[in-house]
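K.L.:
This one is my_file15.cif, mmCIF, C-alpha atoms.
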```cif
data_entry
loop_
_atom_site.label_atom_id
_atom_site.label_comp_id
_atom_site.auth_asym_id
_atom_site.auth_seq_id
_atom_site.Cartn_x
_atom_site.Cartn_y
_atom_site.Cartn_z
CA MET B 3 40.83 188.40 117.33
CA THR B 4 42.28 191.89 117.29
CA GLN B 5 45.55 192.52 119.04
CA ALA B 6 45.03 193.85 122.57
CA ILE B 7 45.56 197.58 122.70
CA THR B 8 47.57 198.94 125.59
CA SER B 9 48.40 202.37 126.84
CA ASP B 10 50.56 203.87 129.55
CA ALA B 11 47.69 206.17 130.47
CA VAL B 12 45.51 205.17 133.40
CA LEU B 13 41.90 204.58 132.35
CA PRO B 14 39.25 206.94 133.75
CA ALA B 15 38.23 205.94 137.28
CA HIS B 16 34.98 204.05 137.67
CA ARG B 17 32.30 205.08 140.12
CA PRO B 18 33.36 203.91 143.60
CA PRO B 19 31.15 201.43 145.44
CA PRO B 20 28.93 202.87 148.15
CA ALA B 21 30.92 201.29 151.00
CA GLY B 22 34.41 202.63 150.53
CA ALA B 23 37.47 203.68 148.60
CA ASP B 24 37.71 204.02 144.84
CA PRO B 25 38.53 200.52 143.56
CA GLY B 26 40.31 202.02 140.56
CA ASP B 27 43.13 203.31 142.78
CA ALA B 28 43.69 199.90 144.35
CA HIS B 29 43.51 198.22 140.96
CA VAL B 30 46.14 200.45 139.39
CA ARG B 31 48.44 200.09 142.39
CA HIS B 32 48.15 196.31 142.63
CA ALA B 33 47.43 195.33 139.03
CA PRO B 34 48.71 197.65 136.30
CA TRP B 35 47.59 194.96 133.87
CA PRO B 36 44.83 195.42 132.97
CA TYR B 37 43.82 198.56 134.88
CA ALA B 38 46.50 200.97 133.66
CA ARG B 39 47.59 199.26 130.47
CA LEU B 40 44.42 198.14 128.74
CA ASP B 41 42.60 200.88 126.83
CA VAL B 42 39.09 199.47 126.49
CA ALA B 43 37.81 202.38 124.39
CA ALA B 44 40.60 201.85 121.85
CA LEU B 45 39.95 198.13 121.93
CA ARG B 46 36.30 198.69 121.02
CA ALA B 47 37.25 201.21 118.33
CA ALA B 48 39.51 198.57 116.79
CA GLY B 49 36.52 196.25 116.45
CA HIS B 50 36.65 193.97 119.47
CA ARG B 51 33.13 193.22 120.65
CA PRO B 52 32.35 191.92 124.12
CA SER B 53 30.48 188.73 124.95
CA PRO B 54 27.38 189.26 127.10
CA VAL B 55 27.10 188.04 130.66
CA ARG B 56 25.42 184.63 130.73
CA GLN B 57 25.91 183.49 134.31
CA PHE B 58 24.86 185.57 137.31
CA VAL B 59 26.09 184.65 140.79
CA LEU B 60 23.70 186.02 143.42
CA LYS B 61 25.21 186.35 146.89
CA THR B 62 21.94 185.78 148.69
CA HIS B 63 23.55 185.33 152.14
CA SER B 64 27.01 186.64 152.97
CA ARG B 65 27.54 184.78 156.26
CA CYS B 66 28.37 181.12 156.79
CA ASN B 67 27.79 178.53 159.50
CA LEU B 68 31.22 177.01 158.80
CA ALA B 69 34.64 178.64 159.17
CA CYS B 70 36.73 176.79 156.59
CA THR B 71 40.36 177.76 157.04
CA TYR B 72 41.01 178.28 153.31
CA CYS B 73 37.84 180.21 152.41
CA TYR B 74 38.56 182.95 149.88
CA VAL B 75 35.60 185.03 151.09
CA TYR B 76 36.51 185.21 154.78
CA GLU B 77 40.16 184.14 155.13
CA MET B 78 41.97 185.74 152.18
CA ALA B 79 42.95 189.24 151.09
CA ASP B 80 39.51 190.80 150.55
CA GLN B 81 37.43 191.41 153.67
CA SER B 82 34.64 193.44 152.05
CA TRP B 83 32.02 191.00 153.37
CA ARG B 84 32.33 192.74 156.75
CA ASP B 85 30.74 195.93 155.38
CA ARG B 86 27.89 194.24 153.53
CA PRO B 87 24.43 193.22 154.75
CA ALA B 88 24.13 189.58 155.69
CA VAL B 89 21.11 189.00 153.43
CA MET B 90 20.12 190.36 150.03
CA SER B 91 17.02 192.51 150.50
CA ALA B 92 13.80 192.08 148.54
CA ALA B 93 14.42 195.44 146.85
CA THR B 94 17.90 194.36 145.71
CA VAL B 95 16.51 191.04 144.47
CA ARG B 96 13.91 192.93 142.44
CA ARG B 97 16.44 195.34 140.94
CA ALA B 98 18.91 192.55 140.15
CA ALA B 99 16.17 190.60 138.36
CA GLU B 100 15.31 193.68 136.30
CA ARG B 101 18.95 194.21 135.33
CA ILE B 102 19.40 190.54 134.36
CA ALA B 103 16.21 190.64 132.27
CA GLU B 104 17.34 193.88 130.64
CA HIS B 105 20.66 192.27 129.66
CA ALA B 106 18.97 189.12 128.38
CA ALA B 107 16.59 191.16 126.22
CA SER B 108 19.31 193.49 124.92
CA HIS B 109 21.54 190.59 123.86
CA ARG B 110 18.73 188.19 122.89
CA LEU B 111 19.97 185.52 125.26
CA THR B 112 18.14 182.23 124.97
CA ARG B 113 19.41 181.13 128.39
CA VAL B 114 20.81 182.64 131.57
CA ASP B 115 22.27 180.66 134.46
CA LEU B 116 21.77 181.71 138.06
CA VAL B 117 23.99 180.52 140.91
CA LEU B 118 22.79 181.19 144.46
CA HIS B 119 25.88 181.63 146.56
CA GLY B 120 27.23 182.90 149.86
CA GLY B 121 28.44 182.57 152.51
CA GLU B 122 26.01 179.74 153.01
CA PRO B 123 22.83 180.43 151.03
CA LEU B 124 20.81 177.81 152.93
CA LEU B 125 20.95 180.10 155.98
CA THR B 126 18.16 181.84 154.08
CA GLY B 127 14.76 180.17 154.33
CA PRO B 128 13.59 178.16 151.29
CA ALA B 129 10.97 180.70 150.21
CA ALA B 130 13.42 183.61 150.36
CA LEU B 131 16.08 181.50 148.64
CA ALA B 132 13.79 180.80 145.70
CA ALA B 133 12.66 184.43 145.42
CA PRO B 134 15.57 185.63 143.20
CA VAL B 135 15.04 182.74 140.78
CA GLU B 136 11.31 183.37 140.60
CA ALA B 137 11.90 187.10 140.12
CA VAL B 138 14.32 186.56 137.24
CA ARG B 139 12.04 184.02 135.56
CA ALA B 140 9.15 186.47 135.78
CA ALA B 141 11.24 189.32 134.37
CA VAL B 142 13.14 187.78 131.43
CA PRO B 143 11.73 187.79 127.89
CA PRO B 144 9.57 184.78 126.90
CA GLY B 145 12.37 183.24 124.81
CA THR B 146 14.91 183.16 127.65
CA ARG B 147 15.25 180.00 129.75
CA VAL B 148 16.54 180.39 133.31
CA THR B 149 18.50 177.61 135.01
CA ALA B 150 19.39 177.78 138.69
CA THR B 151 21.71 176.06 141.15
CA VAL B 152 22.60 176.69 144.76
CA GLN B 153 26.15 176.10 146.02
CA THR B 154 26.07 174.88 149.61
CA ASN B 155 28.10 173.08 152.24
CA ALA B 156 25.09 170.71 152.63
CA THR B 157 25.09 170.88 156.44
CA LEU B 158 21.63 172.51 156.43
CA LEU B 159 20.11 170.36 153.71
CA THR B 160 16.90 168.68 154.89
CA PRO B 161 14.07 166.85 153.09
CA GLY B 162 11.88 169.94 153.41
CA ARG B 163 14.53 172.28 152.03
CA LEU B 164 15.34 169.91 149.19
CA ASP B 165 11.66 169.61 148.27
CA ALA B 166 11.33 173.39 148.24
CA LEU B 167 14.41 173.79 146.05
CA ALA B 168 13.19 171.10 143.66
CA ALA B 169 9.78 172.77 143.42
CA ALA B 170 11.55 175.99 142.41
CA GLY B 171 13.70 174.17 139.84
CA ILE B 172 16.92 174.84 141.75
CA ARG B 173 19.58 172.14 141.61
CA VAL B 174 22.11 171.67 144.40
CA GLY B 175 25.91 171.71 144.23
CA VAL B 176 27.94 170.84 147.31
CA SER B 177 31.41 171.90 148.46
CA LEU B 178 33.32 169.13 150.25
CA ASP B 179 36.98 168.15 150.67
CA GLY B 180 36.53 164.40 150.35
CA GLY B 181 34.20 161.66 151.48
CA LEU B 182 35.79 160.90 154.87
CA PRO B 183 35.97 162.91 158.10
CA ALA B 184 39.78 163.06 157.88
CA HIS B 185 39.53 164.87 154.54
CA ASN B 186 37.40 167.65 156.01
CA THR B 187 39.26 168.82 159.10
CA ARG B 188 39.50 172.31 157.60
CA ARG B 189 35.71 172.47 157.31
CA ALA B 190 34.59 173.12 160.90
CA ASP B 191 32.04 175.49 162.42
CA HIS B 192 32.88 178.65 164.33
CA ALA B 193 33.26 176.70 167.56
CA GLY B 194 35.70 174.29 165.93
CA ARG B 195 33.21 171.43 165.69
CA PRO B 196 33.52 169.30 162.53
CA GLY B 197 30.95 169.92 159.83
CA PHE B 198 31.41 166.61 158.03
CA GLY B 199 28.68 164.63 159.78
CA ALA B 200 25.94 167.09 158.85
CA ALA B 201 27.34 167.49 155.33
CA ALA B 202 27.40 163.71 154.84
CA ARG B 203 23.74 163.47 155.89
CA GLY B 204 22.86 166.18 153.40
CA LEU B 205 24.78 164.45 150.63
CA ARG B 206 23.17 161.08 151.29
CA LEU B 207 19.79 162.79 151.06
CA LEU B 208 20.80 164.50 147.83
CA ALA B 209 22.04 161.23 146.32
CA ARG B 210 18.48 159.88 146.65
CA HIS B 211 17.27 162.77 144.47
CA PRO B 212 19.54 162.70 141.40
CA GLU B 213 17.30 165.12 139.52
CA SER B 214 18.33 167.82 142.05
CA TYR B 215 22.00 166.86 142.29
CA ALA B 216 24.38 169.18 140.43
CA GLY B 217 27.64 167.70 141.77
CA VAL B 218 30.46 168.18 144.27
CA LEU B 219 33.31 170.71 144.32
CA CYS B 220 36.52 169.60 146.03
CA VAL B 221 39.68 171.65 146.63
CA VAL B 222 42.89 169.67 146.12
CA ASP B 223 44.70 169.01 149.40
CA LEU B 224 48.20 167.56 149.00
CA ALA B 225 48.02 166.17 152.53
CA GLN B 226 45.30 163.74 151.48
CA ASP B 227 45.63 160.61 149.36
CA PRO B 228 44.14 161.53 145.96
CA VAL B 229 42.67 158.14 145.10
CA GLU B 230 41.15 157.82 148.56
CA VAL B 231 39.57 161.26 148.20
CA TYR B 232 38.15 160.37 144.79
CA GLU B 233 36.83 156.96 145.77
CA SER B 234 35.30 158.26 148.99
CA LEU B 235 33.46 160.98 147.05
CA LEU B 236 32.03 158.28 144.78
CA ASP B 237 30.18 156.91 147.81
CA PHE B 238 27.96 160.00 147.62
CA ALA B 239 27.11 159.27 143.95
CA PRO B 240 27.91 162.73 142.56
CA PRO B 241 27.03 163.17 138.87
CA THR B 242 30.05 165.49 138.55
CA ILE B 243 33.16 166.17 140.61
CA GLY B 244 34.90 169.51 140.24
CA LEU B 245 38.51 169.32 141.41
CA LEU B 246 39.78 172.80 142.19
CA LEU B 247 43.36 173.97 142.56
CA PRO B 248 43.77 176.03 145.74
CA LEU B 249 43.45 179.77 145.17
CA ALA B 250 47.05 180.97 145.14
CA ASN B 251 49.26 183.39 143.22
CA TRP B 252 52.90 184.41 142.86
CA GLY B 253 52.87 186.45 146.06
CA ASP B 254 51.03 183.78 148.01
CA PRO B 255 52.07 180.48 146.38
CA PRO B 256 50.40 177.16 147.12
CA PRO B 257 51.94 174.61 149.51
CA GLY B 258 54.60 172.51 147.81
CA HIS B 259 55.24 175.11 145.10
CA GLY B 260 58.71 175.09 143.56
CA PRO B 261 60.46 175.73 140.23
CA ARG B 262 60.73 172.04 139.36
CA ALA B 263 58.04 170.52 141.56
CA THR B 264 54.64 169.53 140.17
CA PRO B 265 52.82 168.13 143.22
CA TYR B 266 49.39 169.24 142.03
CA ALA B 267 49.81 167.51 138.69
CA ASP B 268 50.96 164.38 140.52
CA TRP B 269 47.88 164.48 142.77
CA LEU B 270 45.46 165.08 139.92
CA LEU B 271 47.04 162.45 137.68
CA ALA B 272 46.60 159.81 140.36
CA VAL B 273 42.87 160.59 140.25
CA PHE B 274 42.90 160.74 136.45
CA GLU B 275 44.44 157.29 136.13
CA ARG B 276 41.85 155.84 138.51
CA TRP B 277 39.00 157.59 136.64
CA TRP B 278 40.30 156.99 133.11
CA HIS B 279 40.93 153.28 133.52
CA ASP B 280 37.78 152.50 135.48
CA GLY B 281 35.70 149.88 133.71
CA GLU B 282 32.57 151.90 134.50
CA ARG B 283 32.48 155.69 134.32
CA ARG B 284 30.77 156.37 137.65
CA THR B 285 31.01 160.16 137.54
CA ARG B 286 32.24 162.99 135.40
CA VAL B 287 35.37 164.83 136.51
CA ARG B 288 35.00 168.30 135.11
CA MET B 289 38.67 169.28 134.86
CA PHE B 290 39.60 166.12 132.97
CA GLU B 291 36.65 166.36 130.60
CA GLU B 292 37.41 170.03 129.90
CA ILE B 293 41.03 169.23 129.06
CA ILE B 294 39.95 166.37 126.79
CA ALA B 295 37.42 168.58 125.01
CA LEU B 296 39.99 171.35 124.50
CA LEU B 297 42.57 168.87 123.20
CA LEU B 298 39.96 167.73 120.67
CA GLY B 299 39.26 171.32 119.65
CA LEU B 300 35.77 171.33 121.15
CA PRO B 301 34.27 174.39 122.86
CA THR B 302 34.02 174.44 126.64
CA ALA B 303 32.36 176.78 129.11
CA THR B 304 35.02 177.24 131.77
CA GLU B 305 36.96 180.13 133.27
CA THR B 306 39.77 177.93 134.57
CA LEU B 307 41.06 176.53 131.26
CA GLY B 308 40.98 177.45 127.58
CA LEU B 309 40.56 180.80 125.91
CA ALA B 310 36.80 181.27 126.03
CA PRO B 311 35.70 184.72 127.23
CA ALA B 312 34.60 185.16 130.84
CA THR B 313 30.81 185.63 131.02
CA THR B 314 30.10 185.51 134.77
CA ALA B 315 29.05 188.43 136.95
CA VAL B 316 28.53 188.51 140.73
CA ILE B 317 25.83 190.50 142.49
CA GLU B 318 26.65 191.03 146.15
CA THR B 319 24.07 191.25 148.95
CA ASP B 320 24.15 195.07 148.76
CA GLY B 321 23.60 195.07 144.98
CA ALA B 322 27.23 195.77 144.03
CA ILE B 323 28.18 194.25 140.68
CA GLU B 324 31.50 192.47 140.94
CA GLN B 325 33.81 190.23 138.98
CA ALA B 326 34.42 186.58 139.86
CA ASP B 327 34.61 185.91 143.58
CA SER B 328 37.89 184.04 143.19
CA LEU B 329 39.65 187.38 142.60
CA LYS B 330 39.16 188.11 146.30
CA SER B 331 42.22 185.91 146.87
CA ALA B 332 44.50 188.48 145.20
CA TYR B 333 44.07 191.76 147.10
CA GLU B 334 41.47 193.88 148.86
CA GLY B 335 39.00 195.15 146.27
CA ALA B 336 40.27 192.94 143.44
CA ALA B 337 36.74 191.86 142.47
CA ALA B 338 35.22 195.35 142.82
CA THR B 339 34.03 197.31 139.79
CA GLY B 340 32.33 200.35 141.33
CA LEU B 341 29.09 199.34 139.63
CA HIS B 342 25.71 198.72 141.28
CA VAL B 343 22.37 197.33 140.10
CA ASP B 344 20.63 200.54 141.20
CA THR B 345 22.68 202.71 138.86
CA ASP B 346 24.37 200.51 136.25
CA ASP B 347 23.39 197.94 133.67
CA PHE B 348 25.52 194.92 132.84
CA ASP B 349 26.76 196.47 129.61
CA ARG B 350 28.78 198.81 131.85
CA LEU B 351 30.48 195.75 133.29
CA LEU B 352 31.47 194.58 129.79
CA ASP B 353 33.58 197.72 129.41
CA HIS B 354 35.22 197.48 132.82
CA PRO B 355 38.94 196.80 132.13
CA GLY B 356 39.08 193.85 134.51
CA PHE B 357 36.14 192.16 132.82
CA ALA B 358 37.23 193.15 129.30
CA ALA B 359 40.70 191.67 129.87
CA ARG B 360 39.16 188.30 130.70
CA GLN B 361 37.41 188.28 127.32
CA LEU B 362 40.56 188.79 125.25
CA GLY B 363 41.70 185.18 125.16
CA ARG B 364 45.27 184.82 123.91
CA ASP B 365 45.76 188.57 123.64
CA ALA B 366 45.52 188.97 127.41
CA LEU B 367 48.39 186.54 128.07
CA ALA B 368 52.09 186.95 128.62
CA ALA B 369 54.36 186.49 125.59
CA GLY B 370 55.60 183.13 126.86
CA CYS B 371 52.04 181.87 127.26
CA ARG B 372 51.04 183.07 123.79
CA ALA B 373 53.97 181.14 122.30
CA CYS B 374 53.28 177.94 124.23
CA GLU B 375 51.95 174.97 122.26
CA LEU B 376 49.47 174.23 125.06
CA VAL B 377 47.92 177.71 125.16
CA ASP B 378 44.62 176.68 123.56
CA VAL B 379 44.09 174.14 126.34
CA CYS B 380 45.69 175.86 129.32
CA GLY B 381 44.52 179.34 128.36
CA GLY B 382 47.09 180.79 130.73
CA GLY B 383 45.44 179.06 133.66
CA HIS B 384 42.82 180.38 136.05
CA TYR B 385 42.93 184.20 136.07
CA PRO B 386 43.53 184.69 139.85
CA HIS B 387 46.44 182.23 139.71
CA ARG B 388 48.30 184.64 137.37
CA TYR B 389 48.39 187.52 139.83
CA ARG B 390 51.67 189.11 140.88
CA ALA B 391 51.59 192.23 143.07
CA GLY B 392 52.67 195.36 141.21
CA GLU B 393 52.24 193.68 137.83
CA GLY B 394 48.75 192.24 137.78
CA PHE B 395 47.20 189.36 135.88
CA ARG B 396 49.24 189.00 132.70
CA GLY B 397 51.85 186.52 133.90
CA PRO B 398 51.66 182.74 133.68
CA SER B 399 49.74 180.75 136.24
CA VAL B 400 51.53 179.93 139.48
CA TYR B 401 50.48 176.36 138.55
CA CYS B 402 52.07 176.58 135.08
CA ALA B 403 54.40 173.60 135.54
CA ASP B 404 51.60 171.47 137.01
CA LEU B 405 49.25 172.33 134.15
CA GLN B 406 51.84 171.42 131.54
CA VAL B 407 52.46 167.99 133.09
CA LEU B 408 48.73 167.35 133.53
CA ILE B 409 47.73 168.37 130.00
CA ARG B 410 50.56 166.46 128.31
CA HIS B 411 49.73 163.29 130.27
CA ILE B 412 46.04 163.48 129.35
CA ALA B 413 46.98 164.14 125.72
CA ARG B 414 49.08 160.96 125.69
CA ALA B 415 46.23 158.99 127.25
CA LEU B 416 43.81 160.36 124.68
CA HIS B 417 46.19 159.50 121.84
CA ALA B 418 46.68 155.96 123.17
CA ALA B 419 42.91 155.53 123.42
CA ALA B 420 42.51 156.66 119.81
CA VAL B 421 45.17 154.21 118.64
CA THR B 422 43.57 151.29 120.49
CA GLY B 423 40.04 152.29 119.58
CA ARG B 424 39.00 153.00 123.16
CA ALA B 425 36.45 155.81 123.24
CA ALA B 426 36.30 158.19 126.16
CA SER B 427 32.79 158.10 127.55
#
```
Represent the structure of the file as structure tokens.
P.N.:
Amino acid sequence: MTQAITSDAVLPAHRPPPAGADPGDAHVRHAPWPYARLDVAALRAAGHRPSPVRQFVLKTHSRCNLACTYCYVYEMADQSWRDRPAVMSAATVRRAAERIAEHAASHRLTRVDLVLHGGEPLLTGPAALAAPVEAVRAAVPPGTRVTATVQTNATLLTPGRLDALAAAGIRVGVSLDGGLPAHNTRRADHAGRPGFGAAARGLRLLARHPESYAGVLCVVDLAQDPVEVYESLLDFAPPTIGLLLPLANWGDPPPGHGPRATPYADWLLAVFERWWHDGERRTRVRMFEEIIALLLGLPTATETLGLAPATTAVIETDGAIEQADSLKSAYEGAAATGLHVDTDDFDRLLDHPGFAARQLGRDALAAGCRACELVDVCGGGHYPHRYRAGEGFRGPSVYCADLQVLIRHIARALHAAAVTGRAAS
């Protein structure tokens, strides 16, 4: 990989989004790296070629029937949802499908992945929810396969909705904080009523249809017992569990953060030990499997670990093309690009400095990260976790100490398994 090229000159401003202020100004003020210090034109001239977008997140409904206290869309720094339509229009769906097909044809993609997201996408009726998937499938070249999932809180999942999603080839992923009511006190509706009962009904329904079940995402909560959370989630028979570190950064650190404390590693390792030493592998835990694969030198498709280039784009309900939603935790406008499906193709996104920086691998990291022996596995950590106001996204992860403890422990377990002949399944 070529060395990242930097410059003290601010890059030319990108077209502002229809709703408001020029995102370039906010980017340069809040995040000099990469917006003022990465010269994308020089980078391309030096021979660095971008990776095409392969996953498209469609924000089909930007409102939610729950009011989770930690939601990055509604409760964190970026409040742009307030100025956007609640539902993606048919015209925007059509134009987004055309742009995705155009990108797939231009880059000869054999597969594109669609994620229907929100808000709560199931607030949209089943027919309207399937429309973007059907539009993309109709538009892409014959050699391009389209996969689709919907990420939901499961409270609105019914047999009829699940049948409609299955008929459209849309699998279902669920966000939950554990398998017991006590784990989900932060997931209540706008009147403060708990959402767990309805979510549990939806999950039990989904468990009876494994062909439609994509898995469960769970944000780590230090207040909950990790093994209890894990074992209670198993009761819903998820094929995969995604354990997520809370969205935090150096200006807004996670609970329990300290220079020598590693509470998140401790929490995750309690789950790892339970999962690793189970006589029967009842589910996959994505974070652990990704770390194992990276330790073995195998490729992974993740934006939270490793050095693989970011290949995900978000299309908002108004047609704005944005970077990963998780950036909304950093500052107002952090995910904005100034691009729109009506006026811009996805190749424009590839040259946006924020997107280009997340395709540079090791060259986008701080010197200390580049020198670290764990860099190929950690990859500097999840991009939003690196943010520091006035500096940007080139520092180490706010979870750096936790990641080091976690990765080293899993490496030792993997080595011990190799010595004893135990194969990880």
K.L.:
In terms of the shortest atom-to-atom distance over only C-alpha atoms, which of B:Leu247, B:Leu309, B:Glu375, B:Tyr389 is closest to Asp404 in chain B?
P.N.:
B:Leu247
K.L.:
State, in Å with one decimal place, the distance from CA of Pro311 in chain B to CA of Asp378 in chain B.
P.N.:
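Atom-to-atom, CA of Pro311 in chain B and CA of Asp378 in chain B are spaced 12.6 Å apart.
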K.L.:
Given the file above and the PyMOL selection byres ((chain B and resi 363) around 8), which residues are selected, and can you give them as a ChimeraX atom specification?
P.N.:
/B:309-311,360-362,364-367,381
K.L.:
On this file, the PyMOL selection byres ((chain B and resi 250) around 10) gives some set of residues; write that set as an NGL selection string.
P.N.:
:B and (74 or 78 or 247-249 or 251-257 or 328 or 331-332 or 386-389 or 399-401)
K.L.:
Care to translate the PyMOL selection byres ((chain B and resi 232) around 9) into actual residues of this file, as JSON, numbers by chain?
P.N.:
{"B": [180, 181, 227, 228, 229, 230, 231, 233, 234, 235, 236, 243, 273, 276, 277]}
K.L.:
In Å to one decimal, how far is CA of Ala338 in chain B from CA of His109 in chain B?
P.N.:
23.9 Å
K.L.:
Please list as a ChimeraX atom specification every residue within 7 Å of Trp35 in chain B, counting all atoms listed in the file and excluding residues in the same chain fewer than 2 positions away.
P.N.:
/B:33,37-40,393-396
K.L.:
If we count all atoms listed in the file, what is near Leu207 in chain B at a cut-off of 10 Å, once residues fewer than 6 positions away on the same chain are taken out, given as a list in words?
P.N.:
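In the requested form, the answer reads Ala156, Leu159, Thr160, Pro161, Leu164, Ala201, Tyr215 and Phe238 of chain B.
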K.L.:
Identify which of the residues B:Asp27, B:Asp280, B:Asp165, B:Glu305 lies closest to Gln57 in chain B, counting all atoms listed in the file when measuring atom-to-atom distances.
P.N.:
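For Gln57 in chain B, the nearest of the given residues is B:Glu305.
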K.L.:
Please measure the separation of CA of Thr62 in chain B and CA of Arg195 in chain B, giving the value in Å to one decimal.
P.N.:
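That distance, rounded to one decimal, is 24.9 Å.
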K.L.:
Go through B:Ala369, B:Ala99, B:Ala358, B:Leu131 one by one, measure the shortest atom-to-atom distance of each to Leu45 in chain B using all atoms listed in the file, and give the residue with the smallest value.
P.N.:
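So, comparing all the options, the nearest one is B:Ala358.
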K.L.:
Skipping near chain neighbours, those fewer than 2 positions away, what residues fall within 12 Å of Ala168 in chain B using all atoms listed in the file, listed as a PyMOL selection string?
P.N.:
chain B and resi 128-129+131-132+150-152+161-166+170-174+208+211-216
K.L.:
What lies within 10 Å of Phe58 in chain B using only C-alpha atoms, ignoring chain neighbours under 5 positions off, as a PyMOL selection string?
P.N.:
chain B and resi 98+102+114-118+150+313-317+323+326
K.L.:
Please list as a PyMOL selection string every residue within 12 Å of Ser108 in chain B, counting only C-alpha atoms and excluding residues in the same chain fewer than 2 positions away.
P.N.:
chain B and resi 54-55+101-106+110-112+142-143+146+347-349
K.L.:
Okay, now the selection with C-alpha atoms, as a tab-separated table (two decimals), in the frame of the given file?
P.N.:
```tsv
chain	number	residue	atom	x	y	z
B	54	PRO	CA	27.38	189.26	127.10
B	55	VAL	CA	27.10	188.04	130.66
B	101	ARG	CA	18.95	194.21	135.33
B	102	ILE	CA	19.40	190.54	134.36
B	103	ALA	CA	16.21	190.64	132.27
B	104	GLU	CA	17.34	193.88	130.64
B	105	HIS	CA	20.66	192.27	129.66
B	106	ALA	CA	18.97	189.12	128.38
B	110	ARG	CA	18.73	188.19	122.89
B	111	LEU	CA	19.97	185.52	125.26
B	112	THR	CA	18.14	182.23	124.97
B	142	VAL	CA	13.14	187.78	131.43
B	143	PRO	CA	11.73	187.79	127.89
B	146	THR	CA	14.91	183.16	127.65
B	347	ASP	CA	23.39	197.94	133.67
B	348	PHE	CA	25.52	194.92	132.84
B	349	ASP	CA	26.76	196.47	129.61
```
K.L.:
Please write as an mmCIF file with C-alpha atoms, keeping the file's coordinate frame the list of polymer residues whose atoms come within 12 Å of (37.6, 166.7, 130.5), counting only C-alpha atoms and keeping to the coordinates of the file.
P.N.:
```
data_model
loop_
_atom_site.group_PDB
_atom_site.id
_atom_site.type_symbol
_atom_site.label_atom_id
_atom_site.label_comp_id
_atom_site.auth_asym_id
_atom_site.auth_seq_id
_atom_site.Cartn_x
_atom_site.Cartn_y
_atom_site.Cartn_z
ATOM 1 C CA THR B 242 30.050 165.490 138.550
ATOM 2 C CA ILE B 243 33.160 166.170 140.610
ATOM 3 C CA GLY B 244 34.900 169.510 140.240
ATOM 4 C CA LEU B 245 38.510 169.320 141.410
ATOM 5 C CA PHE B 274 42.900 160.740 136.450
ATOM 6 C CA TRP B 277 39.000 157.590 136.640
ATOM 7 C CA TRP B 278 40.300 156.990 133.110
ATOM 8 C CA THR B 285 31.010 160.160 137.540
ATOM 9 C CA ARG B 286 32.240 162.990 135.400
ATOM 10 C CA VAL B 287 35.370 164.830 136.510
ATOM 11 C CA ARG B 288 35.000 168.300 135.110
ATOM 12 C CA MET B 289 38.670 169.280 134.860
ATOM 13 C CA PHE B 290 39.600 166.120 132.970
ATOM 14 C CA GLU B 291 36.650 166.360 130.600
ATOM 15 C CA GLU B 292 37.410 170.030 129.900
ATOM 16 C CA ILE B 293 41.030 169.230 129.060
ATOM 17 C CA ILE B 294 39.950 166.370 126.790
ATOM 18 C CA ALA B 295 37.420 168.580 125.010
ATOM 19 C CA LEU B 296 39.990 171.350 124.500
ATOM 20 C CA LEU B 297 42.570 168.870 123.200
ATOM 21 C CA LEU B 298 39.960 167.730 120.670
ATOM 22 C CA GLY B 299 39.260 171.320 119.650
ATOM 23 C CA LEU B 300 35.770 171.330 121.150
ATOM 24 C CA PRO B 301 34.270 174.390 122.860
ATOM 25 C CA THR B 302 34.020 174.440 126.640
ATOM 26 C CA ALA B 303 32.360 176.780 129.110
ATOM 27 C CA THR B 304 35.020 177.240 131.770
ATOM 28 C CA LEU B 307 41.060 176.530 131.260
ATOM 29 C CA GLY B 308 40.980 177.450 127.580
ATOM 30 C CA VAL B 379 44.090 174.140 126.340
ATOM 31 C CA LEU B 408 48.730 167.350 133.530
ATOM 32 C CA ILE B 409 47.730 168.370 130.000
ATOM 33 C CA ILE B 412 46.040 163.480 129.350
ATOM 34 C CA ALA B 413 46.980 164.140 125.720
ATOM 35 C CA LEU B 416 43.810 160.360 124.680
ATOM 36 C CA ALA B 426 36.300 158.190 126.160
ATOM 37 C CA SER B 427 32.790 158.100 127.550
#
```
K.L.:
Complete range 94-99 of chain B with N, CA and C atoms (output as a tab-separated table (two decimals), keeping the file's coordinate frame).
P.N.:
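Output (result-v1.tsv):
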```
chain	number	residue	atom	x	y	z
B	94	THR	N	16.72	194.68	146.52
B	94	THR	CA	17.90	194.36	145.71
B	94	THR	C	17.62	193.17	144.80
B	95	VAL	N	16.90	192.18	145.31
B	95	VAL	CA	16.51	191.04	144.47
B	95	VAL	C	15.71	191.52	143.27
B	96	ARG	N	14.76	192.41	143.51
B	96	ARG	CA	13.91	192.93	142.44
B	96	ARG	C	14.74	193.68	141.41
B	97	ARG	N	15.64	194.53	141.87
B	97	ARG	CA	16.44	195.34	140.94
B	97	ARG	C	17.42	194.45	140.18
B	98	ALA	N	18.00	193.47	140.85
B	98	ALA	CA	18.91	192.55	140.15
B	98	ALA	C	18.18	191.79	139.06
B	99	ALA	N	16.96	191.33	139.36
B	99	ALA	CA	16.17	190.60	138.36
B	99	ALA	C	15.89	191.49	137.15
```
